[in-house]
Structure formats: C-alpha cells, structure tokens
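target_31.pdb (PDB, C-alpha atoms and all ligand atoms)
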```pdb
MODEL        1
ATOM      1  CA  MET E  74     -31.920  10.220  -9.422
ATOM      2  CA  LEU E  75     -30.247   7.804 -11.731
ATOM      3  CA  GLY E  76     -32.085   4.602 -12.507
ATOM      4  CA  ASP E  77     -30.417   1.263 -12.937
ATOM      5  CA  VAL E  78     -28.489   1.779 -16.157
ATOM      6  CA  PRO E  79     -24.883   0.792 -16.807
ATOM      7  CA  SER E  80     -22.689   3.744 -15.933
ATOM      8  CA  GLY E  81     -19.225   4.629 -17.132
ATOM      9  CA  GLY E  82     -16.610   5.584 -14.562
ATOM     10  CA  TYR E  83     -14.145   8.218 -15.754
ATOM     11  CA  PHE E  84     -11.146   9.574 -13.874
ATOM     12  CA  LYS E  85      -7.503  10.403 -14.239
ATOM     13  CA  LEU E  86      -4.763   8.343 -12.604
ATOM     14  CA  MET E  87      -1.436   9.887 -11.669
ATOM     15  CA  ASN E  88       1.626   7.756 -11.008
ATOM     16  CA  MET E  89       4.250   9.493  -8.888
ATOM     17  CA  SER E  90       6.647   6.540  -8.833
ATOM     18  CA  ASP E  91       9.535   5.689 -11.132
ATOM     19  CA  ASN E  92       7.885   2.444 -12.194
ATOM     20  CA  PRO E  93       4.823   1.855 -14.340
ATOM     21  CA  VAL E  94       1.842   0.553 -12.391
ATOM     22  CA  GLY E  95      -1.206  -1.299 -13.657
ATOM     23  CA  PHE E  96      -4.751  -0.346 -12.748
ATOM     24  CA  VAL E  97      -6.482  -3.700 -12.328
ATOM     25  CA  GLY E  98      -9.900  -2.891 -10.991
ATOM     26  CA  ALA E  99     -12.365  -0.738  -9.110
ATOM     27  CA  SER E 100     -14.952  -1.794  -6.587
ATOM     28  CA  THR E 101     -17.822  -0.049  -4.899
ATOM     29  CA  ASP E 102     -20.761  -1.174  -2.811
ATOM     30  CA  ALA E 103     -23.033   0.971  -4.974
ATOM     31  CA  PHE E 104     -22.873  -1.439  -7.916
ATOM     32  CA  GLY E 105     -22.849  -5.217  -8.192
ATOM     33  CA  MET E 106     -20.438  -5.287 -11.114
ATOM     34  CA  ASN E 107     -17.454  -3.049 -11.806
ATOM     35  CA  ILE E 108     -15.544  -4.016 -14.926
ATOM     36  CA  PRO E 109     -12.582  -2.185 -16.467
ATOM     37  CA  HIS E 110     -13.345  -1.627 -20.160
ATOM     38  CA  GLN E 111     -11.708  -0.073 -23.134
ATOM     39  CA  THR E 112     -13.685   1.337 -26.030
ATOM     40  CA  GLN E 113     -12.167   0.416 -29.368
ATOM     41  CA  THR E 114     -13.292   2.182 -32.481
ATOM     42  CA  ASN E 115     -12.812   0.656 -35.900
ATOM     43  CA  GLY E 116     -14.252   2.866 -38.603
ATOM     44  CA  SER E 117     -17.850   3.513 -37.613
ATOM     45  CA  ILE E 118     -18.004   0.535 -35.275
ATOM     46  CA  SER E 119     -17.250   1.012 -31.632
ATOM     47  CA  LYS E 120     -17.124  -1.773 -29.115
ATOM     48  CA  MET E 121     -16.092  -2.251 -25.534
ATOM     49  CA  ILE E 122     -13.646  -4.908 -24.496
ATOM     50  CA  MET E 123     -12.751  -6.026 -20.990
ATOM     51  CA  VAL E 124      -9.225  -5.188 -19.909
ATOM     52  CA  ASP E 125      -7.161  -7.008 -17.292
ATOM     53  CA  LYS E 126      -4.864  -4.097 -16.729
ATOM     54  CA  ALA E 127      -4.479  -0.474 -17.783
ATOM     55  CA  THR E 128      -0.887   0.655 -17.392
ATOM     56  CA  VAL E 129      -0.115   4.053 -15.908
ATOM     57  CA  PRO E 130       3.367   5.073 -17.095
ATOM     58  CA  ALA E 131       6.129   5.913 -14.609
ATOM     59  CA  THR E 132       5.753   9.508 -13.380
ATOM     60  CA  GLY E 133       2.867   9.851 -15.806
ATOM     61  CA  THR E 134      -0.893   9.914 -16.018
ATOM     62  CA  LEU E 135      -3.568   7.780 -17.613
ATOM     63  CA  ALA E 136      -6.967   9.265 -18.304
ATOM     64  CA  PHE E 137     -10.088   7.153 -18.181
ATOM     65  CA  ALA E 138     -12.262   9.097 -20.592
ATOM     66  CA  PRO E 139     -15.129   8.617 -23.066
ATOM     67  CA  GLY E 140     -13.856   6.708 -26.107
ATOM     68  CA  GLY E 141     -11.093   4.988 -24.162
ATOM     69  CA  TYR E 142     -10.662   3.336 -20.811
ATOM     70  CA  HIS E 143     -13.532   3.420 -18.333
ATOM     71  CA  VAL E 144     -14.940   1.330 -15.548
ATOM     72  CA  MET E 145     -18.350  -0.106 -16.390
ATOM     73  CA  PHE E 146     -20.511   0.029 -13.307
ATOM     74  CA  GLU E 147     -23.545  -2.248 -13.585
ATOM     75  CA  MET E 148     -26.267  -3.643 -11.350
ATOM     76  CA  MET E 149     -26.862  -0.502  -9.317
ATOM     77  CA  ARG E 150     -27.866  -1.533  -5.807
ATOM     78  CA  LYS E 151     -30.042   1.493  -5.108
ATOM     79  CA  PRO E 152     -30.906   4.693  -6.981
ATOM     80  CA  LEU E 153     -28.163   7.298  -6.775
ATOM     81  CA  ALA E 154     -28.749  11.024  -6.533
ATOM     82  CA  VAL E 155     -26.961  13.073  -9.181
ATOM     83  CA  GLY E 156     -24.342  15.162  -7.422
ATOM     84  CA  SER E 157     -23.848  12.707  -4.587
ATOM     85  CA  THR E 158     -20.598  10.811  -4.178
ATOM     86  CA  ILE E 159     -19.938   7.107  -3.820
ATOM     87  CA  PRO E 160     -16.831   5.532  -2.302
ATOM     88  CA  VAL E 161     -14.802   3.545  -4.815
ATOM     89  CA  THR E 162     -11.668   1.488  -4.188
ATOM     90  CA  PHE E 163      -9.102   1.284  -6.970
ATOM     91  CA  THR E 164      -6.755  -1.699  -7.021
ATOM     92  CA  PHE E 165      -3.330  -1.694  -8.656
ATOM     93  CA  SER E 166      -1.017  -4.450  -9.899
ATOM     94  CA  ASP E 167       1.436  -3.879  -7.054
ATOM     95  CA  GLY E 168      -1.340  -4.637  -4.577
ATOM     96  CA  GLU E 169      -1.900  -1.032  -3.579
ATOM     97  CA  LYS E 170      -5.492   0.011  -2.975
ATOM     98  CA  ILE E 171      -6.651   3.613  -3.080
ATOM     99  CA  GLN E 172      -9.972   4.871  -1.791
ATOM    100  CA  VAL E 173     -11.588   7.655  -3.764
ATOM    101  CA  ARG E 174     -15.016   9.229  -3.960
ATOM    102  CA  CYS E 175     -16.689   9.456  -7.345
ATOM    103  CA  VAL E 176     -19.302  12.081  -8.108
ATOM    104  CA  VAL E 177     -22.519  10.765  -9.637
ATOM    105  CA  LYS E 178     -23.332  12.572 -12.878
ATOM    106  CA  ASN E 179     -26.013  12.107 -15.461
ATOM    107  CA  ALA E 180     -25.008  10.906 -18.910
ATOM    108  CA  ALA E 181     -24.911  14.431 -20.315
ATOM    109  CA  GLY E 182     -22.543  15.542 -17.574
TER     110      GLY E 182
HETATM  111 CU    CU C   1     -18.003  -0.218 -20.974
ENDMDL
END
```

Kindly return the structure encoded in the file as structure tokens.
Amino acid sequence: MLGDVPSGGYFKLMNMSDNPVGFVGASTDAFGMNIPHQTQTNGSISKMIMVDKATVPATGTLAFAPGGYHVMFEMMRKPLAVGSTIPVTFTFSDGEKIQVRCVVKNAAG
C-alpha cells in the first residue's frame, strides 16, 4: 500500500491530429489535488513549477517523465495498493477529455 505522500503522474501523450493540442489538467477521485508540474533544473537546484498548459505537437508526442512534466497528485483519499489502477481524466485545451487508467507504482518503480 502507498501511504499519503505526493505522487508524480508520468505518461506519454500522443497527438494524432494536424494541430498542436495543450494538456491542461488531470483529475481523479483518488486524490484531492492534481496539479500539472514541470521540474526545472538549474545547476544543482531543481524545483517544480505549476504549468497551465503542456503542448503536445501536431502528430507528435509529449512524455511526462521524471525531470520534466508530471502531474502532482496530492491528498490521497484512501490508501492505494501498488499494482492497482485508478481512473484518471485528462483534459485538453480544445475541450476534449480522455479517460485513462493509471497503474499505481511505488517510488522506485
Ligand atoms: Cu511536482
């Protein structure tokens, strides 16, 4: 089980259209707060900033990965079993919403 610690959400977005699209947020009932973040590293200092939008290029991909974009999931509503999945809804700048399931992993995974 995972206790109530802030968790990073990592995934890869694929844009099949001919226009760039912005990822504007993710929501899930499993956490009270879901904030898109970007890790910025300056020398030995790394910090996370909130982002309004992460642009997925036309017919391209954008990876949410350690050291870059991620969704910060905080305020876990109940303990989550490692290996289980939670439903997450991604929202895009064109108003499209996509339902996905995210696998719960421990920090080392
Ligand atoms: Cu973060």

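Residues lying within 9 Å of range 83-87 of chain E, counting only C-alpha atoms and ignoring same-chain neighbours fewer than 3 positions away, are Phe96, Val129, Pro130, Thr132, Gly133, Thr134, Leu135, Ala136, Phe137, Ala138, Pro139, Tyr142, His143, Val144 and Cys175 of chain E.
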
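Straight-line separation from CA of Val124 in chain E to CA of Ser90 in chain E: 22.6 Å.
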
Can I get the residues close to ligand CU 1 (chain C) as number ranges by chain, where close means within 9 Å and we count all atoms listed in the file? E: 79-82, 108-112, 120-123, 142-146

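The spacing separating CA of Ser166 in chain E from CA of Asp102 in chain E amounts to 21.2 Å.
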
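For the structure shown here, the set of residues caught by the PyMOL selection byres (((chain E and resi 163) around 7) and not hetatm) is Gly98, Ala99, Ser100, Val161, Thr162, Thr164, Phe165, Lys170, Ile171 and Gln172 of chain E.
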
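With all atoms listed in the file as the atoms that count, the minimum distance from Pro93 in chain E to the choices E:Asp167, E:Asp125, E:Glu147, E:Asp77 is reached by E:Asp167.
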
What gap, in Å, lies between CA of Val176 in chain E and CA of Thr158 in chain E? 4.3 Å

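Within 6 Å of the point (-27.2, 10.5, -8.3) in file coordinates, and counting all atoms listed in the file, lie the residues Met74, Leu75, Leu153, Ala154, Val155, Gly156, Ser157 and Val177 of chain E.
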
I'd like to see the residues matched by the PyMOL selection byres (((chain E and resi 151) around 9) and not hetatm) on this file, and ideally I'd get them as an MDAnalysis selection string. chainID E and resid 76:77 103:104 148:150 152:153
